[in-house]
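Student: I'm passing along input.cif; it holds mmCIF, C-alpha atoms.
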data_model
loop_
_atom_site.group_PDB
_atom_site.id
_atom_site.type_symbol
_atom_site.label_atom_id
_atom_site.label_comp_id
_atom_site.auth_asym_id
_atom_site.auth_seq_id
_atom_site.Cartn_x
_atom_site.Cartn_y
_atom_site.Cartn_z
ATOM 1 C CA MET A 277 0.000 0.000 0.000
ATOM 2 C CA GLU A 278 2.839 2.345 0.875
ATOM 3 C CA TYR A 279 4.161 1.796 -2.658
ATOM 4 C CA ILE A 280 0.818 2.841 -4.186
ATOM 5 C CA LEU A 281 0.714 6.010 -2.083
ATOM 6 C CA GLN A 282 4.090 7.166 -3.391
ATOM 7 C CA PRO A 283 4.331 8.793 -6.847
ATOM 8 C CA TRP A 284 4.653 6.027 -9.452
ATOM 9 C CA PRO A 285 7.924 5.742 -11.369
ATOM 10 C CA TRP A 286 7.884 6.111 -15.155
ATOM 11 C CA TYR A 287 8.576 2.420 -15.778
ATOM 12 C CA ILE A 288 5.323 1.499 -14.018
ATOM 13 C CA SER A 289 3.210 4.368 -15.416
ATOM 14 C CA GLY A 290 4.206 3.968 -19.088
ATOM 15 C CA PRO A 291 3.222 0.291 -19.393
ATOM 16 C CA CYS A 292 -0.044 1.043 -17.515
ATOM 17 C CA ILE A 293 -0.945 3.635 -20.176
ATOM 18 C CA ALA A 294 -0.209 1.043 -22.891
ATOM 19 C CA ILE A 295 -2.610 -1.336 -21.106
ATOM 20 C CA VAL A 296 -5.332 1.346 -21.242
ATOM 21 C CA MET A 297 -4.735 1.689 -24.990
ATOM 22 C CA PHE A 298 -4.790 -2.095 -25.471
ATOM 23 C CA LEU A 299 -7.967 -2.602 -23.408
ATOM 24 C CA LEU A 300 -9.855 -0.034 -25.501
ATOM 25 C CA LEU A 301 -8.673 -1.760 -28.717
ATOM 26 C CA TYR A 302 -9.686 -5.089 -27.180
ATOM 27 C CA PHE A 303 -13.161 -3.657 -26.570
ATOM 28 C CA GLY A 304 -13.296 -2.787 -30.282
ATOM 29 C CA ARG A 305 -12.695 0.941 -29.775
ATOM 30 C CA THR A 306 -9.609 3.147 -29.874
ATOM 31 C CA PHE A 307 -7.662 5.341 -27.458
ATOM 32 C CA GLY A 308 -8.086 9.042 -28.303
ATOM 33 C CA MET A 309 -9.037 11.580 -25.687
ATOM 34 C CA SER A 310 -9.330 14.624 -27.966
ATOM 35 C CA SER A 311 -12.185 13.018 -29.939
ATOM 36 C CA ASN A 312 -14.360 13.844 -26.944
ATOM 37 C CA LEU A 313 -13.988 17.557 -27.692
ATOM 38 C CA ARG A 314 -15.495 16.979 -31.130
ATOM 39 C CA THR A 315 -18.224 14.789 -29.627
ATOM 40 C CA MET A 316 -19.134 17.491 -27.107
ATOM 41 C CA CYS A 317 -19.334 20.084 -29.912
ATOM 42 C CA ALA A 318 -21.654 17.723 -31.791
ATOM 43 C CA ILE A 319 -23.833 17.152 -28.714
ATOM 44 C CA GLY A 320 -24.042 20.932 -28.278
ATOM 45 C CA GLY A 321 -25.631 21.161 -31.722
ATOM 46 C CA ALA A 322 -22.598 22.262 -33.773
ATOM 47 C CA GLY A 323 -23.603 19.776 -36.490
ATOM 48 C CA LYS A 324 -26.492 22.010 -37.552
ATOM 49 C CA ARG A 325 -24.091 24.721 -38.656
ATOM 50 C CA VAL A 326 -20.839 22.902 -39.433
ATOM 51 C CA ALA A 327 -20.721 19.652 -41.403
ATOM 52 C CA PHE A 328 -17.619 18.470 -39.485
ATOM 53 C CA PHE A 329 -19.799 17.978 -36.404
ATOM 54 C CA ASN A 330 -22.687 16.380 -38.251
ATOM 55 C CA TYR A 331 -22.026 12.709 -37.537
ATOM 56 C CA ASP A 332 -23.349 9.914 -35.383
ATOM 57 C CA TRP A 333 -21.952 11.138 -32.059
ATOM 58 C CA LYS A 334 -24.131 8.661 -30.160
ATOM 59 C CA SER A 335 -21.723 5.900 -31.221
ATOM 60 C CA HIS A 336 -18.975 7.818 -29.375
ATOM 61 C CA LYS A 337 -20.773 7.894 -26.028
ATOM 62 C CA TRP A 338 -18.467 5.164 -24.707
ATOM 63 C CA ASN A 339 -15.553 7.653 -24.963
ATOM 64 C CA LEU A 340 -17.387 10.172 -22.781
ATOM 65 C CA VAL A 341 -17.835 7.387 -20.245
ATOM 66 C CA VAL A 342 -14.044 6.948 -20.296
ATOM 67 C CA VAL A 343 -13.792 10.681 -19.527
ATOM 68 C CA LEU A 344 -16.203 10.355 -16.586
ATOM 69 C CA GLY A 345 -14.124 7.461 -15.283
ATOM 70 C CA ALA A 346 -10.927 9.476 -15.740
ATOM 71 C CA ILE A 347 -12.359 12.311 -13.626
ATOM 72 C CA VAL A 348 -13.307 9.813 -10.897
ATOM 73 C CA GLY A 349 -9.849 8.221 -11.209
ATOM 74 C CA GLY A 350 -8.263 11.643 -10.774
ATOM 75 C CA PHE A 351 -10.323 12.147 -7.622
ATOM 76 C CA ILE A 352 -9.386 8.744 -6.182
ATOM 77 C CA ALA A 353 -5.692 9.163 -6.975
ATOM 78 C CA HIS A 354 -5.516 12.659 -5.538
ATOM 79 C CA TYR A 355 -7.657 12.318 -2.417
ATOM 80 C CA VAL A 356 -7.365 8.627 -1.522
ATOM 81 C CA LEU A 357 -4.156 7.224 -2.981
ATOM 82 C CA SER A 358 -1.758 10.069 -2.350
ATOM 83 C CA ASN A 359 0.577 11.129 0.379
ATOM 84 C CA PRO A 360 0.881 14.894 0.308
ATOM 85 C CA ILE A 361 4.450 15.155 -0.855
ATOM 86 C CA ASN A 362 6.259 17.568 -3.084
ATOM 87 C CA MET A 363 7.062 16.588 -6.624
ATOM 88 C CA ASP A 364 10.592 15.388 -7.225
ATOM 89 C CA LEU A 365 11.266 17.858 -10.038
ATOM 90 C CA SER A 366 14.807 18.434 -11.242
ATOM 91 C CA GLU A 367 16.695 21.207 -9.525
ATOM 92 C CA ALA A 368 17.308 22.939 -12.860
ATOM 93 C CA THR A 369 13.532 23.110 -13.489
ATOM 94 C CA VAL A 370 12.860 24.601 -10.047
ATOM 95 C CA ASN A 371 15.595 27.190 -10.593
ATOM 96 C CA ASP A 372 14.419 28.079 -14.111
ATOM 97 C CA LEU A 373 10.838 28.523 -12.909
ATOM 98 C CA ALA A 374 11.971 30.619 -9.961
ATOM 99 C CA ALA A 375 13.803 32.876 -12.415
ATOM 100 C CA LEU A 376 10.520 33.265 -14.358
ATOM 101 C CA GLY A 377 8.743 34.277 -11.132
ATOM 102 C CA PHE A 378 7.145 30.959 -10.131
ATOM 103 C CA ASN A 379 7.245 30.210 -6.384
ATOM 104 C CA ASP A 380 6.447 27.042 -4.401
ATOM 105 C CA VAL A 381 7.293 24.991 -7.484
ATOM 106 C CA GLY A 382 6.035 21.382 -7.336
ATOM 107 C CA GLN A 383 3.901 21.758 -4.207
ATOM 108 C CA ASN A 384 0.723 21.382 -6.275
ATOM 109 C CA LEU A 385 0.039 19.688 -9.614
ATOM 110 C CA LEU A 386 -0.553 23.114 -11.193
ATOM 111 C CA PRO A 387 1.220 26.422 -10.535
ATOM 112 C CA PRO A 388 -0.965 28.856 -8.535
ATOM 113 C CA GLU A 389 0.569 31.632 -10.684
ATOM 114 C CA LEU A 390 -1.579 30.369 -13.589
ATOM 115 C CA PHE A 391 -4.423 28.356 -12.067
ATOM 116 C CA SER A 392 -5.447 30.057 -8.816
ATOM 117 C CA TRP A 393 -8.713 32.044 -8.865
ATOM 118 C CA GLU A 394 -6.638 35.155 -8.437
ATOM 119 C CA ALA A 395 -4.709 34.314 -11.629
ATOM 120 C CA ILE A 396 -7.873 33.492 -13.589
ATOM 121 C CA LEU A 397 -9.424 36.808 -12.644
ATOM 122 C CA SER A 398 -6.492 38.723 -14.125
ATOM 123 C CA VAL A 399 -6.479 39.558 -17.840
ATOM 124 C CA LYS A 400 -3.069 37.967 -18.408
ATOM 125 C CA GLY A 401 -3.891 34.819 -16.431
ATOM 126 C CA LEU A 402 -7.224 34.294 -18.159
ATOM 127 C CA SER A 403 -5.717 34.971 -21.602
ATOM 128 C CA ILE A 404 -2.995 32.357 -21.055
ATOM 129 C CA LEU A 405 -5.478 29.619 -20.153
ATOM 130 C CA ILE A 406 -7.884 30.536 -22.972
ATOM 131 C CA ILE A 407 -5.191 30.769 -25.642
ATOM 132 C CA GLY A 408 -3.514 27.585 -24.385
ATOM 133 C CA GLY A 409 -6.784 25.657 -24.407
ATOM 134 C CA PHE A 410 -7.830 27.040 -27.803
ATOM 135 C CA LEU A 411 -4.516 26.004 -29.402
ATOM 136 C CA VAL A 412 -4.838 22.509 -27.921
ATOM 137 C CA GLY A 413 -8.412 22.127 -29.194
ATOM 138 C CA PHE A 414 -7.663 23.544 -32.646
ATOM 139 C CA GLY A 415 -4.317 21.789 -33.077
ATOM 140 C CA THR A 416 -5.445 18.373 -31.970
ATOM 141 C CA ARG A 417 -8.336 18.264 -34.438
ATOM 142 C CA TYR A 418 -6.181 19.677 -37.247
ATOM 143 C CA ALA A 419 -3.544 17.018 -36.530
ATOM 144 C CA GLY A 420 -6.240 14.354 -36.109
ATOM 145 C CA GLY A 421 -5.232 13.333 -32.596
ATOM 146 C CA CYS A 422 -3.430 14.250 -29.396
ATOM 147 C CA THR A 423 -0.948 12.555 -27.101
ATOM 148 C CA SER A 424 -3.158 9.485 -26.633
ATOM 149 C CA GLY A 425 -4.146 9.099 -30.297
ATOM 150 C CA HIS A 426 -0.819 9.917 -31.933
ATOM 151 C CA ALA A 427 2.005 9.630 -29.371
ATOM 152 C CA ILE A 428 0.712 6.411 -27.741
ATOM 153 C CA THR A 429 -1.622 4.650 -30.210
ATOM 154 C CA GLY A 430 -0.066 5.939 -33.447
ATOM 155 C CA LEU A 431 3.546 5.330 -32.472
ATOM 156 C CA SER A 432 2.725 1.907 -30.961
ATOM 157 C CA SER A 433 1.273 0.879 -34.313
ATOM 158 C CA LEU A 434 4.296 2.378 -36.148
ATOM 159 C CA GLN A 435 2.327 4.911 -38.197
ATOM 160 C CA LEU A 436 4.312 7.600 -39.983
ATOM 161 C CA PRO A 437 1.619 10.359 -39.765
ATOM 162 C CA SER A 438 1.678 9.993 -35.982
ATOM 163 C CA LEU A 439 5.454 10.356 -35.900
ATOM 164 C CA VAL A 440 5.133 13.592 -37.912
ATOM 165 C CA ALA A 441 2.413 14.807 -35.525
ATOM 166 C CA VAL A 442 4.576 14.021 -32.478
ATOM 167 C CA VAL A 443 7.492 15.907 -34.046
ATOM 168 C CA GLY A 444 5.038 18.810 -34.412
ATOM 169 C CA PHE A 445 3.958 18.472 -30.749
ATOM 170 C CA PHE A 446 7.576 18.883 -29.673
ATOM 171 C CA LEU A 447 8.319 21.634 -32.163
ATOM 172 C CA GLY A 448 5.415 23.668 -30.762
ATOM 173 C CA GLY A 449 6.294 22.861 -27.152
ATOM 174 C CA LEU A 450 9.935 23.836 -27.588
ATOM 175 C CA ILE A 451 8.990 27.109 -29.311
ATOM 176 C CA MET A 452 6.597 27.937 -26.458
ATOM 177 C CA ILE A 453 8.936 27.118 -23.583
ATOM 178 C CA HIS A 454 12.208 28.410 -25.027
ATOM 179 C CA LEU A 455 11.111 31.387 -27.165
ATOM 180 C CA ILE A 456 7.720 32.582 -25.913
ATOM 181 C CA PHE A 457 7.913 31.928 -22.149
ATOM 182 C CA PRO A 458 10.793 34.377 -21.595
ATOM 183 C CA ILE A 459 8.591 37.066 -23.198
ATOM 184 C CA LEU A 460 5.448 36.111 -21.221
ATOM 185 C CA PHE A 461 7.026 35.834 -17.777
ATOM 186 C CA MET I 197 -25.917 0.933 -19.074
ATOM 187 C CA GLY I 198 -24.103 -2.320 -18.378
ATOM 188 C CA LYS I 199 -22.033 -2.208 -21.564
ATOM 189 C CA TYR I 200 -20.527 1.100 -20.475
ATOM 190 C CA ILE I 201 -19.198 -0.105 -17.127
ATOM 191 C CA LYS I 202 -15.987 -1.476 -18.628
ATOM 192 C CA PHE I 203 -15.246 1.898 -20.209
ATOM 193 C CA PHE I 204 -15.901 3.613 -16.880
ATOM 194 C CA ILE I 205 -13.437 1.279 -15.136
ATOM 195 C CA VAL I 206 -10.780 1.772 -17.826
ATOM 196 C CA GLY I 207 -11.275 5.524 -17.412
ATOM 197 C CA ILE I 208 -10.801 5.299 -13.630
ATOM 198 C CA PHE I 209 -7.585 3.333 -14.117
ATOM 199 C CA PHE I 210 -6.359 5.883 -16.702
ATOM 200 C CA GLY I 211 -7.107 8.775 -14.337
ATOM 201 C CA ILE I 212 -5.297 7.124 -11.442
ATOM 202 C CA VAL I 213 -2.228 6.293 -13.566
ATOM 203 C CA LEU I 214 -1.922 9.820 -14.954
ATOM 204 C CA VAL I 215 -2.160 11.437 -11.517
ATOM 205 C CA LYS I 216 0.144 8.951 -9.794
ATOM 206 C CA SER I 217 2.711 9.366 -12.594
ATOM 207 C CA GLU I 218 2.407 13.168 -12.271
ATOM 208 C CA ALA I 219 1.857 13.354 -16.060
ATOM 209 C CA VAL I 220 -1.110 15.666 -15.360
ATOM 210 C CA SER I 221 1.221 18.240 -13.803
ATOM 211 C CA TRP I 222 2.003 21.507 -15.590
ATOM 212 C CA TYR I 223 5.455 21.370 -14.005
ATOM 213 C CA ARG I 224 6.285 17.965 -15.551
ATOM 214 C CA ILE I 225 5.399 19.263 -19.030
ATOM 215 C CA PHE I 226 7.615 22.322 -18.564
ATOM 216 C CA GLU I 227 10.428 20.063 -17.324
ATOM 217 C CA MET I 228 10.033 17.782 -20.340
ATOM 218 C CA PHE I 229 10.335 20.601 -22.888
ATOM 219 C CA LYS I 230 13.396 21.838 -21.001
ATOM 220 C CA PHE I 231 14.987 18.357 -21.262
ATOM 221 C CA GLN I 232 15.706 18.550 -17.527
ATOM 222 C CA SER I 233 14.329 15.167 -16.501
ATOM 223 C CA PHE I 234 13.905 11.733 -18.038
ATOM 224 C CA HIS I 235 10.560 11.233 -16.260
ATOM 225 C CA MET I 236 8.096 12.126 -19.079
ATOM 226 C CA TYR I 237 10.318 10.567 -21.755
ATOM 227 C CA GLY I 238 10.396 7.419 -19.637
ATOM 228 C CA ILE I 239 6.587 7.352 -19.420
ATOM 229 C CA ILE I 240 6.008 7.945 -23.142
ATOM 230 C CA GLY I 241 8.902 5.648 -24.131
ATOM 231 C CA THR I 242 7.832 2.665 -22.022
ATOM 232 C CA ALA I 243 4.183 3.220 -23.038
ATOM 233 C CA VAL I 244 5.115 3.041 -26.730
ATOM 234 C CA ILE I 245 7.457 0.033 -26.300
ATOM 235 C CA THR I 246 4.815 -1.850 -24.273
ATOM 236 C CA GLY I 247 2.207 -0.824 -26.850
ATOM 237 C CA ILE I 248 4.307 -2.184 -29.723
ATOM 238 C CA LEU I 249 4.802 -5.485 -27.855
ATOM 239 C CA LEU I 250 1.093 -5.832 -26.980
ATOM 240 C CA LEU I 251 0.032 -5.140 -30.587
ATOM 241 C CA ARG I 252 2.632 -7.638 -31.903
ATOM 242 C CA LEU I 253 1.454 -10.254 -29.446
ATOM 243 C CA SER I 254 -2.216 -9.739 -30.295
ATOM 244 C CA LYS I 255 -1.384 -10.169 -33.988
ATOM 245 C CA THR I 256 0.607 -13.401 -33.592
ATOM 246 C CA LYS I 257 -1.963 -14.798 -31.146
ATOM 247 C CA ASN I 258 -4.811 -13.666 -33.435
ATOM 248 C CA ILE I 259 -6.627 -12.038 -30.549
ATOM 249 C CA GLN I 260 -10.227 -11.042 -31.263
ATOM 250 C CA THR I 261 -11.980 -8.035 -29.774
ATOM 251 C CA THR I 262 -14.930 -8.542 -27.432
ATOM 252 C CA GLU I 263 -17.076 -7.574 -30.441
ATOM 253 C CA GLY I 264 -15.710 -10.538 -32.377
ATOM 254 C CA SER I 265 -13.604 -8.681 -34.944
ATOM 255 C CA ASP I 266 -9.831 -8.744 -35.422
ATOM 256 C CA LEU I 267 -8.013 -6.432 -33.032
ATOM 257 C CA ARG I 268 -6.507 -3.669 -35.113
ATOM 258 C CA VAL I 269 -5.561 -0.010 -34.887
ATOM 259 C CA PRO I 270 -7.415 2.367 -37.226
ATOM 260 C CA LEU I 271 -5.029 3.790 -39.806
ATOM 261 C CA LYS I 272 -4.347 7.528 -39.850
ATOM 262 C CA GLU I 273 -4.930 9.267 -43.171
ATOM 263 C CA ARG I 274 -1.833 9.837 -45.276
ATOM 264 C CA GLY I 275 -0.442 13.322 -45.352
ATOM 265 C CA PHE I 276 2.170 15.631 -43.938
ATOM 266 C CA THR I 277 0.976 19.238 -43.755
ATOM 267 C CA ARG I 278 -1.890 18.728 -41.330
ATOM 268 C CA TYR I 279 0.247 16.608 -39.023
ATOM 269 C CA ILE I 280 3.182 18.988 -38.795
ATOM 270 C CA LEU I 281 1.092 22.209 -38.653
ATOM 271 C CA GLY I 282 -1.659 20.830 -36.425
ATOM 272 C CA GLY I 283 0.930 19.116 -34.268
ATOM 273 C CA THR I 284 2.904 22.332 -33.794
ATOM 274 C CA ILE I 285 -0.243 24.293 -32.885
ATOM 275 C CA PHE I 286 -1.143 21.562 -30.394
ATOM 276 C CA GLY I 287 2.377 21.648 -28.939
ATOM 277 C CA LEU I 288 2.216 25.417 -28.398
ATOM 278 C CA GLY I 289 -1.007 25.001 -26.436
ATOM 279 C CA TRP I 290 0.219 21.898 -24.592
ATOM 280 C CA ALA I 291 3.256 23.745 -23.258
ATOM 281 C CA LEU I 292 1.300 26.917 -22.439
ATOM 282 C CA SER I 293 -1.600 25.286 -20.566
ATOM 283 C CA GLY I 294 0.488 22.326 -19.407
ATOM 284 C CA ALA I 295 -2.349 19.969 -20.258
ATOM 285 C CA CYS I 296 -3.302 17.751 -23.164
ATOM 286 C CA PRO I 297 -6.913 16.522 -23.538
ATOM 287 C CA GLY I 298 -6.656 13.499 -21.181
ATOM 288 C CA PRO I 299 -5.157 15.370 -18.206
ATOM 289 C CA MET I 300 -7.590 18.281 -18.738
ATOM 290 C CA TYR I 301 -10.478 16.072 -17.671
ATOM 291 C CA ILE I 302 -8.541 14.208 -14.992
ATOM 292 C CA LEU I 303 -7.496 17.459 -13.293
ATOM 293 C CA ILE I 304 -11.173 18.275 -12.614
ATOM 294 C CA GLY I 305 -11.217 15.214 -10.362
ATOM 295 C CA THR I 306 -8.196 16.494 -8.422
ATOM 296 C CA GLY I 307 -10.186 19.611 -7.555
ATOM 297 C CA ALA I 308 -8.378 21.932 -9.978
ATOM 298 C CA PHE I 309 -11.589 23.509 -11.276
ATOM 299 C CA SER I 310 -9.831 26.360 -13.069
ATOM 300 C CA ILE I 311 -8.880 23.786 -15.727
ATOM 301 C CA ILE I 312 -12.514 24.061 -16.897
ATOM 302 C CA VAL I 313 -11.512 27.376 -18.521
ATOM 303 C CA VAL I 314 -8.930 25.450 -20.571
ATOM 304 C CA ILE I 315 -11.511 22.790 -21.522
ATOM 305 C CA VAL I 316 -14.063 25.378 -22.670
ATOM 306 C CA ALA I 317 -11.356 27.110 -24.721
ATOM 307 C CA ALA I 318 -10.373 23.725 -26.197
ATOM 308 C CA LEU I 319 -14.003 23.180 -27.229
ATOM 309 C CA LEU I 320 -13.938 26.589 -28.933
ATOM 310 C CA GLY I 321 -10.680 25.650 -30.674
ATOM 311 C CA THR I 322 -12.183 22.375 -31.886
ATOM 312 C CA TYR I 323 -15.263 24.251 -33.138
ATOM 313 C CA ALA I 324 -13.039 26.798 -34.920
ATOM 314 C CA TYR I 325 -11.225 23.954 -36.669
ATOM 315 C CA GLY I 326 -14.564 22.541 -37.809
ATOM 316 C CA LEU I 327 -15.486 25.961 -39.247
ATOM 317 C CA LEU I 328 -12.174 26.457 -41.053
ATOM 318 C CA LYS I 329 -11.468 22.837 -42.015
ATOM 319 C CA ASP I 330 -12.028 23.219 -45.764
ATOM 320 C CA LYS I 331 -9.895 26.367 -45.980
ATOM 321 C CA LEU I 332 -6.850 24.833 -44.268
ATOM 322 C CA PRO I 333 -4.067 22.914 -46.039
ATOM 323 C CA HIS I 334 -4.161 19.220 -45.108
#
Spit out the file's structure as structure tokens when you get a sec.
Tutor:
Amino acid sequence: MEYILQPWPWYISGPCIAIVMFLLLYFGRTFGMSSNLRTMCAIGGAGKRVAFFNYDWKSHKWNLVVVLGAIVGGFIAHYVLSNPINMDLSEATVNDLAALGFNDVGQNLLPPELFSWEAILSVKGLSILIIGGFLVGFGTRYAGGCTSGHAITGLSSLQLPSLVAVVGFFLGGLIMIHLIFPILF
Amino acid sequence: MGKYIKFFIVGIFFGIVLVKSEAVSWYRIFEMFKFQSFHMYGIIGTAVITGILLLRLSKTKNIQTTEGSDLRVPLKERGFTRYILGGTIFGLGWALSGACPGPMYILIGTGAFSIIVVIVAALLGTYAYGLLKDKLPH
């Protein structure tokens, strides 16, 4: 039990994610979390205006159930299966973030500088979350998948388009962290 | 409702794994793009290697899905432009918000309700793609 309460090492977590992917394939479905965003647009009635959302979203309900489970899993992991301990981030990361003005690094899953109510109620804080979310939603549909669909499922099945998409993921991430962050913070 | 229970359980397991591995943390994503820790590379690397092995095994053992069909991964459309451009746009957002679509939902369960702003914005982004789809190079 003590072992479960500690943060899980990468060599346990990675294979567990592959098992999630495999189970969904075994159930005749596929692992892709960003599809839910499209499904939710369709449920909201976007199909009446935009053909892209005019499809049989009811056959994707199972994926929304996965999302519900994931939220419950997040609750269980955070409130039941965790010891409140600081994240074992690298010293270089803590120092770099401190230089950008981030304090108490690794004491929560998310930095209060971006995700506290105080941050959300500021123009800059709100803009960062909205622009970040928008780019994720737009980019993942344009690329036809996200980390689960391309980086895990696509790479596991040795598909070239997914490798290109993952190269794009890292290109964008590196540009953001190395070129844009120093301007933002 | 019964047929959905297995998906609910898989979802719970997924949520637990991503929190316990800290992959839902903004800090871990920042650290990854700074190349300052092996942690996230270890997670993605072992996930892909295990995935390759499981898919190989299911092919040689001729494993059938619970629906009775052959177990196979849907093929991505051919192409380059959409994957590199869309991927880069996704990466910019991933690094800025520190969350990809899976963790976005999972974080709600950890009580980080401000992530709902990111989810709503992601829905808007998805809708915008649907609007512009035919005008974009693919």
Student: Contacts from chain A to chain I, 6 Å maximum, all atoms listed in the file: show me the residue list as number ranges by chain.
Tutor: A: 283-284, 286, 289-291, 293-294, 302-304, 309-310, 313, 328, 341-342, 345-351, 353-354, 369, 385-386, 391, 405-406, 408-416, 418-419, 428, 432, 440-441, 444-450, 452
Student: In Å, how far is it from atom CA of Ser433 of chain A to atom CA of Thr315 of chain A?
Tutor: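 Going from atom CA of Ser433 of chain A over to atom CA of Thr315 of chain A covers 24.4 Å.
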Student: Write out as a VMD selection string which residues come within 10 Å of Val381 of chain A when counting all atoms listed in the file, dropping same-chain ones fewer than 2 positions away.
Tutor: (chain A and resid 362 to 363 365 369 to 371 373 to 374 378 to 379 383 to 389) or (chain I and resid 223)
Student: Take atom CA of Leu455 of chain A and atom CA of Gly401 of chain A and report the distance between them in Å, one decimal.
Tutor: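 Taking atom CA of Leu455 of chain A as the start and atom CA of Gly401 of chain A as the end point, the length is 18.8 Å.
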Student: Please report the interatomic distance between atom CA of Phe298 of chain A and atom CA of Thr429 of chain A in Å with one decimal.
Tutor: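 Separating atom CA of Phe298 of chain A from atom CA of Thr429 of chain A is a distance of 8.8 Å.
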Student: Which polymer residues have any atom within 10 Å of an atom of Ala318 of chain A, counting only C-alpha atoms, with same-chain residues fewer than 2 positions away left out, as a list in words?
Tutor: Asn312, Leu313, Arg314, Thr315, Met316, Gly320, Gly321, Ala322, Gly323, Lys324, Val326, Ala327, Phe328, Phe329, Asn330, Tyr331, Asp332, Trp333 and Lys334 of chain A; Tyr323 of chain I
Student: Could you work out an axis-aligned box for segment 330-334 of chain A, taking every atom the file lists and adding 6 Å on each side, and report centre and edge lengths in Å to one decimal, as AutoDock Vina command-line options?
Tutor:
--center_x -23.0 --center_y 12.5 --center_z -34.2 --size_x 14.2 --size_y 19.7 --size_z 20.1
Student: Complete the atom set of segment 199-211 of chain I to N, CA, C and O atoms and return it as an mmCIF file, in the frame of the given file.
Tutor:
data_model
loop_
_atom_site.group_PDB
_atom_site.id
_atom_site.type_symbol
_atom_site.label_atom_id
_atom_site.label_comp_id
_atom_site.auth_asym_id
_atom_site.auth_seq_id
_atom_site.Cartn_x
_atom_site.Cartn_y
_atom_site.Cartn_z
ATOM 1 N N LYS I 199 -23.147 -2.118 -20.606
ATOM 2 C CA LYS I 199 -22.033 -2.208 -21.564
ATOM 3 C C LYS I 199 -21.037 -1.061 -21.393
ATOM 4 O O LYS I 199 -19.940 -1.106 -21.939
ATOM 5 N N TYR I 200 -21.436 -0.029 -20.652
ATOM 6 C CA TYR I 200 -20.527 1.100 -20.475
ATOM 7 C C TYR I 200 -19.629 0.967 -19.244
ATOM 8 O O TYR I 200 -18.664 1.716 -19.101
ATOM 9 N N ILE I 201 -19.960 0.005 -18.377
ATOM 10 C CA ILE I 201 -19.198 -0.105 -17.127
ATOM 11 C C ILE I 201 -17.710 -0.356 -17.377
ATOM 12 O O ILE I 201 -16.847 0.241 -16.728
ATOM 13 N N LYS I 202 -17.400 -1.189 -18.368
ATOM 14 C CA LYS I 202 -15.987 -1.476 -18.628
ATOM 15 C C LYS I 202 -15.220 -0.218 -19.064
ATOM 16 O O LYS I 202 -14.065 -0.037 -18.703
ATOM 17 N N PHE I 203 -15.910 0.656 -19.794
ATOM 18 C CA PHE I 203 -15.246 1.898 -20.209
ATOM 19 C C PHE I 203 -15.049 2.832 -19.015
ATOM 20 O O PHE I 203 -14.041 3.532 -18.922
ATOM 21 N N PHE I 204 -16.013 2.800 -18.094
ATOM 22 C CA PHE I 204 -15.901 3.613 -16.880
ATOM 23 C C PHE I 204 -14.695 3.140 -16.051
ATOM 24 O O PHE I 204 -13.898 3.958 -15.582
ATOM 25 N N ILE I 205 -14.545 1.830 -15.932
ATOM 26 C CA ILE I 205 -13.437 1.279 -15.136
ATOM 27 C C ILE I 205 -12.089 1.579 -15.794
ATOM 28 O O ILE I 205 -11.132 1.966 -15.117
ATOM 29 N N VAL I 206 -12.021 1.430 -17.123
ATOM 30 C CA VAL I 206 -10.780 1.772 -17.826
ATOM 31 C C VAL I 206 -10.448 3.249 -17.595
ATOM 32 O O VAL I 206 -9.292 3.616 -17.362
ATOM 33 N N GLY I 207 -11.472 4.095 -17.645
ATOM 34 C CA GLY I 207 -11.275 5.524 -17.412
ATOM 35 C C GLY I 207 -10.734 5.795 -16.016
ATOM 36 O O GLY I 207 -9.807 6.601 -15.848
ATOM 37 N N ILE I 208 -11.288 5.118 -15.007
ATOM 38 C CA ILE I 208 -10.801 5.299 -13.630
ATOM 39 C C ILE I 208 -9.319 4.925 -13.544
ATOM 40 O O ILE I 208 -8.506 5.676 -12.994
ATOM 41 N N PHE I 209 -8.982 3.784 -14.133
ATOM 42 C CA PHE I 209 -7.585 3.333 -14.117
ATOM 43 C C PHE I 209 -6.680 4.372 -14.806
ATOM 44 O O PHE I 209 -5.624 4.744 -14.284
ATOM 45 N N PHE I 210 -7.124 4.870 -15.952
ATOM 46 C CA PHE I 210 -6.359 5.883 -16.702
ATOM 47 C C PHE I 210 -6.140 7.134 -15.851
ATOM 48 O O PHE I 210 -5.029 7.659 -15.752
ATOM 49 N N GLY I 211 -7.210 7.583 -15.179
ATOM 50 C CA GLY I 211 -7.107 8.775 -14.337
ATOM 51 C C GLY I 211 -6.119 8.572 -13.195
ATOM 52 O O GLY I 211 -5.291 9.442 -12.911
#
